[in-house]
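Structure file structure00.tsv (TSV, C-alpha atoms and all ligand atoms) follows.
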chain	number	residue	atom	x	y	z
L	1	MET	CA	88.93	35.09	45.93
L	2	ASP	CA	90.24	34.56	49.46
L	3	ALA	CA	87.70	33.44	52.00
L	4	GLY	CA	89.06	35.66	54.79
L	5	VAL	CA	87.38	39.03	55.05
L	6	PRO	CA	89.86	41.68	56.09
L	7	SER	CA	88.46	43.28	59.18
L	8	GLY	CA	89.83	46.79	59.44
L	9	GLN	CA	93.07	47.84	57.78
L	10	GLU	CA	96.47	48.35	59.35
L	11	ARG	CA	97.54	51.87	58.51
L	12	PRO	CA	100.53	51.57	56.16
L	13	ALA	CA	103.80	53.25	57.12
L	14	LEU	CA	103.66	56.45	55.10
L	15	PRO	CA	106.41	59.00	54.40
L	16	ARG	CA	106.80	61.85	56.92
L	17	CYS	CA	105.07	64.45	54.77
L	18	PHE	CA	101.78	62.58	55.31
L	19	ASP	CA	101.94	63.46	59.02
L	20	GLU	CA	102.55	67.08	58.17
L	21	PHE	CA	99.86	67.39	55.50
L	22	GLY	CA	97.29	64.93	56.86
L	23	PRO	CA	95.38	67.27	59.20
L	24	HIS	CA	95.24	69.98	56.53
L	25	VAL	CA	93.84	67.58	53.95
L	26	GLU	CA	91.26	66.12	56.35
L	27	GLY	CA	90.18	69.62	57.40
L	28	GLU	CA	89.84	70.81	53.82
L	29	LEU	CA	87.73	67.78	52.84
L	30	ALA	CA	85.48	68.22	55.87
L	31	ARG	CA	85.05	71.88	54.99
L	32	TRP	CA	83.65	71.12	51.54
L	33	LEU	CA	81.49	68.06	52.12
L	34	PRO	CA	77.79	68.85	52.56
L	35	SER	CA	76.27	68.29	55.98
L	36	GLU	CA	73.13	66.28	56.75
L	37	GLU	CA	71.33	69.59	57.30
L	38	GLU	CA	72.21	70.91	53.84
L	39	VAL	CA	71.37	67.92	51.65
L	40	GLU	CA	69.44	64.68	51.87
L	41	PRO	CA	70.94	63.06	55.01
L	42	THR	CA	71.54	59.63	53.44
L	43	LEU	CA	73.42	61.26	50.56
L	44	ALA	CA	75.54	63.32	52.98
L	45	ARG	CA	76.26	60.15	54.97
L	46	ALA	CA	77.22	58.16	51.88
L	47	MET	CA	79.59	60.92	50.72
L	48	HIS	CA	81.19	61.17	54.18
L	49	TYR	CA	81.45	57.41	54.51
L	50	SER	CA	83.67	56.96	51.47
L	51	VAL	CA	85.69	60.15	51.82
L	52	PHE	CA	86.56	59.36	55.45
L	53	SER	CA	87.07	55.60	55.28
L	54	GLY	CA	90.85	55.56	55.55
L	55	GLY	CA	92.24	56.55	52.14
L	56	LYS	CA	95.97	57.21	52.16
L	57	ARG	CA	95.53	60.65	50.51
L	58	VAL	CA	98.38	60.06	48.07
L	59	ARG	CA	96.89	62.36	45.42
L	60	PRO	CA	96.37	65.36	47.71
L	61	VAL	CA	99.87	64.91	49.13
L	62	LEU	CA	101.27	64.92	45.59
L	63	ALA	CA	99.42	68.15	44.81
L	64	LEU	CA	100.72	69.82	47.98
L	65	LEU	CA	104.29	68.65	47.36
L	66	ALA	CA	104.17	69.91	43.77
L	67	CYS	CA	102.94	73.30	44.94
L	68	ARG	CA	105.64	73.52	47.60
L	69	ALA	CA	108.31	72.43	45.12
L	70	VAL	CA	107.52	75.38	42.84
L	71	SER	CA	106.47	78.07	45.32
L	72	GLY	CA	107.87	77.13	48.72
L	73	CYS	CA	104.36	76.88	50.23
L	74	PHE	CA	101.73	74.11	50.08
L	75	ARG	CA	98.65	76.01	51.25
L	76	PRO	CA	97.53	77.44	47.89
L	77	ALA	CA	97.04	73.87	46.65
L	78	LEU	CA	94.73	72.69	49.44
L	79	ALA	CA	91.44	73.17	47.59
L	80	ALA	CA	92.84	71.63	44.39
L	81	ALA	CA	94.23	68.70	46.39
L	82	CYS	CA	90.80	68.17	47.91
L	83	ALA	CA	89.14	68.27	44.46
L	84	VAL	CA	91.40	65.49	43.16
L	85	GLU	CA	90.67	63.32	46.22
L	86	LEU	CA	86.92	63.79	45.67
L	87	ILE	CA	87.26	62.51	42.11
L	88	HIS	CA	89.42	59.62	43.28
L	89	THR	CA	86.82	58.68	45.91
L	90	TYR	CA	84.01	58.75	43.36
L	91	SER	CA	86.05	56.57	41.01
L	92	LEU	CA	86.54	53.95	43.74
L	93	ILE	CA	82.85	53.86	44.70
L	94	HIS	CA	81.93	53.18	41.08
L	95	ASP	CA	84.87	50.81	40.55
L	96	ASP	CA	83.60	48.58	43.39
L	97	LEU	CA	80.02	48.35	42.09
L	98	PRO	CA	78.62	44.93	41.11
L	99	CYS	CA	78.61	45.98	37.44
L	100	MET	CA	82.34	46.79	37.61
L	101	ASP	CA	84.71	44.95	39.99
L	102	ASP	CA	81.96	43.74	42.32
L	103	ASP	CA	84.07	44.22	45.45
L	104	ASP	CA	82.44	44.07	48.88
L	105	VAL	CA	85.36	45.33	50.93
L	106	ARG	CA	87.66	48.34	50.60
L	107	ARG	CA	90.01	49.73	53.22
L	108	GLY	CA	88.85	46.93	55.49
L	109	LYS	CA	85.25	48.17	55.43
L	110	PRO	CA	82.12	47.29	53.46
L	111	THR	CA	82.00	49.14	50.15
L	112	SER	CA	79.54	51.97	49.62
L	113	HIS	CA	76.92	49.89	47.78
L	114	GLN	CA	77.03	47.30	50.57
L	115	VAL	CA	76.10	49.94	53.11
L	116	PHE	CA	73.86	52.31	51.15
L	117	GLY	CA	72.63	50.23	48.22
L	118	GLU	CA	73.65	50.53	44.59
L	119	ALA	CA	71.51	53.51	43.64
L	120	LEU	CA	72.81	55.69	46.46
L	121	ALA	CA	76.39	54.56	45.85
L	122	VAL	CA	76.12	55.65	42.21
L	123	LEU	CA	74.61	58.98	43.26
L	124	ALA	CA	77.14	59.61	46.04
L	125	GLY	CA	79.86	59.05	43.43
L	126	ASP	CA	78.16	61.49	41.06
L	127	ALA	CA	77.87	64.08	43.83
L	128	LEU	CA	81.57	63.78	44.73
L	129	LEU	CA	82.56	64.13	41.07
L	130	THR	CA	80.58	67.31	40.63
L	131	LEU	CA	81.60	68.72	44.01
L	132	ALA	CA	85.23	68.62	42.85
L	133	PHE	CA	84.51	71.28	40.23
L	134	GLU	CA	82.48	73.36	42.66
L	135	VAL	CA	85.45	73.36	45.04
L	136	ILE	CA	87.91	74.59	42.41
L	137	THR	CA	85.67	77.36	41.15
L	138	ASP	CA	84.25	78.50	44.51
L	139	GLU	CA	85.42	81.95	45.58
L	140	GLY	CA	86.44	80.49	48.93
L	141	SER	CA	89.26	78.59	47.24
L	142	GLY	CA	90.85	81.84	46.18
L	143	TYR	CA	92.00	80.85	42.69
L	144	ARG	CA	92.16	83.49	39.97
L	145	ALA	CA	89.58	82.87	37.24
L	146	ASP	CA	92.26	81.88	34.69
L	147	THR	CA	93.92	79.47	37.14
L	148	ALA	CA	90.57	77.92	38.07
L	149	ALA	CA	89.71	77.47	34.38
L	150	SER	CA	93.04	75.72	33.73
L	151	MET	CA	92.48	73.47	36.74
L	152	VAL	CA	88.96	72.54	35.59
L	153	ARG	CA	90.28	71.71	32.13
L	154	GLU	CA	93.13	69.57	33.52
L	155	LEU	CA	90.93	67.74	35.99
L	156	SER	CA	88.01	67.08	33.66
L	157	ARG	CA	90.32	65.80	30.95
L	158	ALA	CA	92.19	63.53	33.38
L	159	SER	CA	88.94	62.16	34.80
L	160	GLY	CA	86.93	61.64	31.63
L	161	ALA	CA	86.98	59.63	28.41
L	162	ARG	CA	90.60	60.55	27.64
L	163	GLY	CA	91.68	59.69	31.17
L	164	MET	CA	90.32	57.68	34.10
L	165	VAL	CA	86.92	56.76	32.65
L	166	GLY	CA	88.46	55.77	29.31
L	167	GLY	CA	91.01	53.62	31.16
L	168	GLN	CA	88.27	51.92	33.16
L	169	VAL	CA	86.48	51.06	29.91
L	170	LEU	CA	89.65	49.49	28.49
L	171	ASP	CA	90.08	47.61	31.78
L	172	ILE	CA	86.62	46.04	31.84
L	173	ASP	CA	86.88	45.22	28.14
L	174	GLY	CA	89.76	42.85	28.99
L	175	ALA	CA	90.47	42.23	25.28
L	176	GLY	CA	93.88	40.90	24.25
L	177	GLY	CA	96.78	42.53	25.90
L	178	ASP	CA	100.39	43.28	25.32
L	179	LEU	CA	102.61	45.45	27.48
L	180	GLU	CA	102.07	48.51	25.33
L	181	ARG	CA	98.28	48.28	25.65
L	182	ILE	CA	98.37	47.74	29.37
L	183	GLU	CA	100.79	50.61	29.92
L	184	SER	CA	98.46	52.89	28.03
L	185	LEU	CA	95.46	51.52	29.96
L	186	HIS	CA	97.24	52.15	33.28
L	187	SER	CA	98.31	55.62	32.26
L	188	MET	CA	94.67	56.50	31.58
L	189	LYS	CA	93.03	54.61	34.42
L	190	THR	CA	95.43	55.65	37.18
L	191	GLY	CA	98.23	57.81	35.80
L	192	ALA	CA	96.04	60.63	34.50
L	193	LEU	CA	94.74	61.50	37.96
L	194	PHE	CA	98.25	61.46	39.44
L	195	SER	CA	99.41	63.78	36.66
L	196	ALA	CA	96.44	66.03	37.36
L	197	SER	CA	97.37	66.05	41.05
L	198	VAL	CA	100.84	67.45	40.47
L	199	ARG	CA	99.69	69.75	37.68
L	200	LEU	CA	96.91	71.29	39.77
L	201	GLY	CA	99.33	71.67	42.67
L	202	ALA	CA	101.86	73.30	40.35
L	203	LEU	CA	99.22	75.63	38.87
L	204	ALA	CA	98.19	76.67	42.39
L	205	GLY	CA	101.84	77.58	42.97
L	206	ASP	CA	102.12	79.52	39.68
L	207	ALA	CA	104.65	77.09	38.18
L	208	ASP	CA	106.51	77.89	34.99
L	209	GLN	CA	106.42	75.58	31.96
L	210	LEU	CA	109.64	73.73	32.79
L	211	GLN	CA	108.48	73.01	36.34
L	212	LEU	CA	105.11	71.82	35.04
L	213	GLU	CA	106.76	69.49	32.56
L	214	SER	CA	109.22	68.06	35.09
L	215	LEU	CA	106.46	67.36	37.61
L	216	THR	CA	104.28	65.79	34.92
L	217	GLU	CA	107.11	63.47	33.93
L	218	TYR	CA	107.64	62.58	37.60
L	219	ALA	CA	103.92	61.77	37.90
L	220	ARG	CA	104.03	59.62	34.78
L	221	GLY	CA	106.61	57.31	36.35
L	222	PHE	CA	104.86	57.53	39.70
L	223	GLY	CA	101.47	56.55	38.29
L	224	LEU	CA	102.80	53.55	36.40
L	225	ALA	CA	104.81	52.33	39.40
L	226	PHE	CA	101.75	52.84	41.60
L	227	GLN	CA	99.38	50.82	39.42
L	228	ILE	CA	101.91	48.04	38.87
L	229	THR	CA	102.29	47.68	42.65
L	230	ASP	CA	98.49	47.77	42.94
L	231	ASP	CA	98.33	44.84	40.50
L	232	ILE	CA	101.06	43.00	42.45
L	233	LEU	CA	99.23	43.56	45.75
L	234	ASP	CA	96.06	42.14	44.20
L	235	VAL	CA	97.99	38.87	43.82
L	236	VAL	CA	100.23	38.70	46.89
L	237	GLY	CA	99.16	41.54	49.21
L	238	ASP	CA	98.30	40.87	52.85
L	239	PRO	CA	94.56	41.62	53.20
L	240	ARG	CA	95.13	43.06	56.69
L	241	LYS	CA	97.43	45.65	55.12
L	242	THR	CA	95.65	46.29	51.82
L	243	GLY	CA	92.21	46.23	53.44
L	244	ARG	CA	90.93	44.21	50.46
L	245	TYR	CA	90.56	40.68	49.18
L	246	ARG	CA	93.22	39.27	46.92
L	247	GLY	CA	92.37	37.96	43.46
L	248	SER	CA	89.80	40.48	42.25
L	249	ASP	CA	91.74	41.08	39.02
L	250	GLU	CA	92.07	37.39	38.15
L	251	GLU	CA	88.44	36.70	38.96
L	252	HIS	CA	87.36	39.38	36.49
L	253	GLY	CA	89.88	38.45	33.81
L	254	ARG	CA	91.65	41.80	34.07
L	255	LYS	CA	94.87	42.14	32.13
L	256	THR	CA	97.51	43.18	34.65
L	257	TYR	CA	101.30	43.35	34.72
L	258	PRO	CA	101.60	40.15	36.82
L	259	SER	CA	99.20	38.29	34.50
L	260	LEU	CA	101.25	39.31	31.47
L	261	VAL	CA	104.87	39.15	32.63
L	262	GLY	CA	104.81	37.56	36.11
L	263	LEU	CA	105.51	39.05	39.53
L	264	ASP	CA	109.30	39.43	39.32
L	265	GLU	CA	109.29	41.21	35.98
L	266	SER	CA	106.40	43.39	37.18
L	267	GLY	CA	108.53	44.48	40.15
L	268	ARG	CA	111.40	45.29	37.82
L	269	LEU	CA	109.17	47.34	35.52
L	270	ALA	CA	107.75	49.24	38.51
L	271	ARG	CA	111.31	50.14	39.59
L	272	GLU	CA	112.16	51.20	36.04
L	273	ALA	CA	109.09	53.47	35.89
L	274	ALA	CA	109.96	54.95	39.28
L	275	GLU	CA	113.53	55.67	38.22
L	276	GLY	CA	112.27	57.46	35.10
L	277	GLY	CA	110.06	59.60	37.33
L	278	LEU	CA	112.90	60.40	39.74
L	279	ASP	CA	115.16	61.47	36.85
L	280	ALA	CA	112.61	64.12	35.91
L	281	LEU	CA	113.09	65.83	39.28
L	282	SER	CA	116.41	67.20	38.04
L	283	GLY	CA	114.30	69.77	36.17
L	284	LEU	CA	113.33	71.35	39.50
L	285	SER	CA	115.59	73.53	41.57
L	286	GLY	CA	115.66	73.04	45.32
L	287	SER	CA	115.09	69.98	47.48
L	288	CYS	CA	112.79	67.26	46.22
L	289	ARG	CA	113.37	64.92	49.14
L	290	ASP	CA	109.68	64.44	49.89
L	291	LEU	CA	108.89	63.60	46.26
L	292	GLU	CA	111.79	61.12	46.28
L	293	GLU	CA	110.54	59.52	49.51
L	294	LEU	CA	107.04	59.25	48.08
L	295	MET	CA	108.38	57.37	45.06
L	296	GLU	CA	110.27	55.00	47.39
L	297	PHE	CA	107.05	54.40	49.31
L	298	VAL	CA	105.15	53.52	46.14
L	299	LEU	CA	107.68	50.84	45.24
L	300	HIS	CA	107.72	49.19	48.65
L	301	ARG	CA	104.18	49.79	49.83
L	302	GLU	CA	102.17	46.97	51.36
L	303	GLY	CA	98.87	48.78	51.40
L	401	LIG	C1	93.55	52.69	44.73
L	401	LIG	O1	94.23	53.88	45.00
L	401	LIG	C2	93.03	52.68	43.34
L	401	LIG	C3	94.05	52.74	42.31
L	401	LIG	C4	94.06	53.66	41.42
L	401	LIG	C5	95.04	51.71	42.20
L	401	LIG	P1	94.84	54.17	46.42
L	401	LIG	O2	95.72	53.03	46.85
L	401	LIG	O3	95.46	55.52	46.42
L	401	LIG	O4	93.53	54.17	47.35
L	401	LIG	P2	93.27	54.74	48.80
L	401	LIG	O5	92.53	56.02	48.60
L	401	LIG	O6	94.57	54.95	49.53
L	401	LIG	O7	92.42	53.69	49.45
L	402	LIG	C1	90.71	51.15	39.49
L	402	LIG	O1	91.71	50.21	39.40
L	402	LIG	C2	91.28	52.48	39.46
L	402	LIG	C3	90.22	53.48	39.33
L	402	LIG	C4	90.21	54.30	38.36
L	402	LIG	C5	89.15	53.54	40.32
L	402	LIG	P1	91.52	48.93	40.28
L	402	LIG	O2	90.21	48.30	40.07
L	402	LIG	O3	92.74	48.09	40.13
L	402	LIG	O4	91.55	49.60	41.74
L	402	LIG	P2	91.39	48.76	43.06
L	402	LIG	O5	92.43	47.69	42.99
L	402	LIG	O6	89.99	48.22	43.07
L	402	LIG	O7	91.65	49.78	44.14
L	403	MG	MG	88.80	48.15	38.56
L	404	MG	MG	88.86	47.58	41.61
L	405	MG	MG	93.61	46.91	41.62
Output the file's structure in the form of structure tokens.
Ligand code: IPE
Ligand code: IPE
Ligand code: MG
Ligand code: MG
Ligand code: MG
Amino acid sequence: MDAGVPSGQERPALPRCFDEFGPHVEGELARWLPSEEEVEPTLARAMHYSVFSGGKRVRPVLALLACRAVSGCFRPALAAACAVELIHTYSLIHDDLPCMDDDDVRRGKPTSHQVFGEALAVLAGDALLTLAFEVITDEGSGYRADTAASMVRELSRASGARGMVGGQVLDIDGAGGDLERIESLHSMKTGALFSASVRLGALAGDADQLQLESLTEYARGFGLAFQITDDILDVVGDPRKTGRYRGSDEEHGRKTYPSLVGLDESGRLAREAAEGGLDALSGLSGSCRDLEELMEFVLHREG
């Protein structure tokens, strides 16, 4: 890996809707995280550390945009958006552990296990994972019981053996790879949580079946484009912008798009996936400008 440790991370240029939604997302996350008075202080600190270490909040923004696309209002999706970000944060804490990707730096800061030790990092991840389901089902989130049950089903499926966790297992296995296998790995490891983001947002906005399907198809293209660019950034990204070392994937023998088809073809496949996702927006009535801008961002992001 590169010798240079990224110190801090330059905030990437994000689409306008991030400015609009950002304060709402931060406020909602702060509202649900336990304080040092409520739980063991080191656990509270470890949870706060990773949740507020500079994540872009792409998944919450997707949930809020999906809700607004189907209902005209983003607010009903705030708790669901927060739940998805909690799961994402847990997945990153565990992904960085020595037994997984063994990464010391994320978002330009030491990873959780570097600061709190491995045992607490594992437990902070566990606590964030379980908190996500508390948030969805808590009365304070205001979801009807049937909506909350659908959200729990969607989110647990997307996070577990059929989704993110299953994808992580395929990733660390590293066994032979062709494009079909890696696409399926990416769709589980990364895509499932993006699909859950839009689906939870859409459920919060009482979407109909056609809207749900269109948004899911959008997220499918989005997720693949997102993970392909993540793989590309692992090879050529500027550590000051990504907040991470380059070369983690190669060091661990991960099968990635660049390792299989090279950087140029990876870029082309990311664009193709994005275009497929954008086509699906025709199934929604009304303006989808923010969802279109978000897809553009994913293709050209530097961090
Ligand atoms: C990184 O996701 C992990 C992947 C699934 C590729 P993000 O790039 O959304 O991470 P943060 O939360 O903004 O740091
Ligand atoms: C992990 O993918 C995605 C998760 C499910 C956490 P990566 O290992 O490529 O994510 P980064 O590159 O460390 O963010
Ligand atoms: Mg990994
Ligand atoms: Mg990793
Ligand atoms: Mg990566």
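Contacts with ligand MG 404 (chain L) are defined as any residue atom within 8 Å of a ligand atom, using all atoms listed in the file; the residues meeting this criterion are Leu92, Asp95, Asp96, Met100, Asp101, Asp102, Asp103, Ser248 and Asp249 of chain L.
Closest approach to Ser259 (chain L) from the set L:Leu294, L:Ile182, L:Ala66, L:Ala202 is made by L:Ile182, with distances taken over only C-alpha atoms.
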As an exercise, work out the distance from atom O3 of ligand LIG 401 (chain L) to CA of Leu284 (chain L) in Å and give it to one decimal place. 24.9 Å
Cut-off 7 Å, only C-alpha atoms and all ligand atoms, neighbours of ligand LIG 401 (chain L) as a PyMOL selection string: chain L and resi 54-58+89+92+107+190+226-227+230+303
So which residues touch region 28-32 of chain L within 10 Å, counting only C-alpha atoms, skipping near sequence neighbours fewer than 5 positions away, as a PDB file with C-alpha atoms, in the frame of the given file?
ATOM      1  CA  GLY L  22      97.290  64.930  56.860  1.00  0.00           C
ATOM      2  CA  PRO L  23      95.380  67.270  59.200  1.00  0.00           C
ATOM      3  CA  HIS L  48      81.190  61.170  54.180  1.00  0.00           C
ATOM      4  CA  VAL L  51      85.690  60.150  51.820  1.00  0.00           C
ATOM      5  CA  PHE L  52      86.560  59.360  55.450  1.00  0.00           C
ATOM      6  CA  LEU L  78      94.730  72.690  49.440  1.00  0.00           C
ATOM      7  CA  ALA L  79      91.440  73.170  47.590  1.00  0.00           C
ATOM      8  CA  ALA L  80      92.840  71.630  44.390  1.00  0.00           C
ATOM      9  CA  ALA L  81      94.230  68.700  46.390  1.00  0.00           C
ATOM     10  CA  CYS L  82      90.800  68.170  47.910  1.00  0.00           C
ATOM     11  CA  ALA L  83      89.140  68.270  44.460  1.00  0.00           C
ATOM     12  CA  GLU L  85      90.670  63.320  46.220  1.00  0.00           C
ATOM     13  CA  LEU L  86      86.920  63.790  45.670  1.00  0.00           C
ATOM     14  CA  LEU L 131      81.600  68.720  44.010  1.00  0.00           C
ATOM     15  CA  ALA L 132      85.230  68.620  42.850  1.00  0.00           C
ATOM     16  CA  GLU L 134      82.480  73.360  42.660  1.00  0.00           C
ATOM     17  CA  VAL L 135      85.450  73.360  45.040  1.00  0.00           C
TER      18      VAL L 135
END
Could you name the residues that touch Leu129 (chain L) at 8 Å or less, counting all atoms listed in the file, but leaving out those on the same chain fewer than 3 positions away, as a PyMOL selection string? chain L and resi 86-87+90+125-126+132-133
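Going from CA of Cys73 (chain L) to CA of Ser35 (chain L) covers 29.9 Å.
Separating CA of Glu293 (chain L) from CA of Arg16 (chain L) is a distance of 8.6 Å.
With all atoms listed in the file as the atoms that count, the residue of L:Ala161, L:Ala63, L:Ala46, L:Leu210 with the shortest distance to ligand LIG 402 (chain L) is L:Ala161.
Using all atoms listed in the file for every distance, the candidate list L:Leu170, L:Leu123, L:Ala219, L:Val25 yields L:Ala219 as the residue closest to Ser197 (chain L).
Residues in contact with Thr111 (chain L) at 10 Å, where all atoms listed in the file are counted and same-chain residues fewer than 2 positions away are skipped, are listed as L:Tyr49, L:Ser50, L:Ser53, L:Leu92, L:Ile93, L:His94, L:Asp96, L:Leu97, L:Asp102, L:Asp103, L:Asp104, L:Val105, L:Arg106, L:Arg107, L:Gly108, L:Lys109, L:His113, L:Gln114, L:Val115, L:Phe116, L:Gly117, L:Ala121.
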Counting only C-alpha atoms, what is within 8 Å of Ile232 (chain L), bar same-chain residues fewer than 4 positions away, as an MDAnalysis selection string? chainID L and resid 228 236:237 257:258 263 266:267
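The closest residue to Glu296 (chain L), picked from L:Thr216, L:Gln168, L:Thr229, L:Thr42 and counting only C-alpha atoms, is L:Thr229.
Here the question is which of L:Leu278, L:Ser187, L:Asp146, L:Ala273 gets nearest to Asp290 (chain L) using all atoms listed in the file, and that residue is L:Leu278.
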Nearest to ligand MG 405 (chain L), restricted to only C-alpha atoms and all ligand atoms and choosing among L:Asp171, L:Glu183, L:Asp238, L:Asp279, comes out as L:Asp171
Surrounding residues of Thr137 (chain L) excluding itself and chain neighbours under 6 positions, 10 Å, only C-alpha atoms, as a VMD selection string: chain L and resid 79 to 80 131 143 to 145 147 to 149 151 to 152
So that I have them on file, write out the residues from the current selection with C-alpha atoms, as a PDB file, in the frame of the given file.
ATOM      1  CA  ALA L  79      91.440  73.170  47.590  1.00  0.00           C
ATOM      2  CA  ALA L  80      92.840  71.630  44.390  1.00  0.00           C
ATOM      3  CA  LEU L 131      81.600  68.720  44.010  1.00  0.00           C
ATOM      4  CA  TYR L 143      92.000  80.850  42.690  1.00  0.00           C
ATOM      5  CA  ARG L 144      92.160  83.490  39.970  1.00  0.00           C
ATOM      6  CA  ALA L 145      89.580  82.870  37.240  1.00  0.00           C
ATOM      7  CA  THR L 147      93.920  79.470  37.140  1.00  0.00           C
ATOM      8  CA  ALA L 148      90.570  77.920  38.070  1.00  0.00           C
ATOM      9  CA  ALA L 149      89.710  77.470  34.380  1.00  0.00           C
ATOM     10  CA  MET L 151      92.480  73.470  36.740  1.00  0.00           C
ATOM     11  CA  VAL L 152      88.960  72.540  35.590  1.00  0.00           C
TER      12      VAL L 152
END
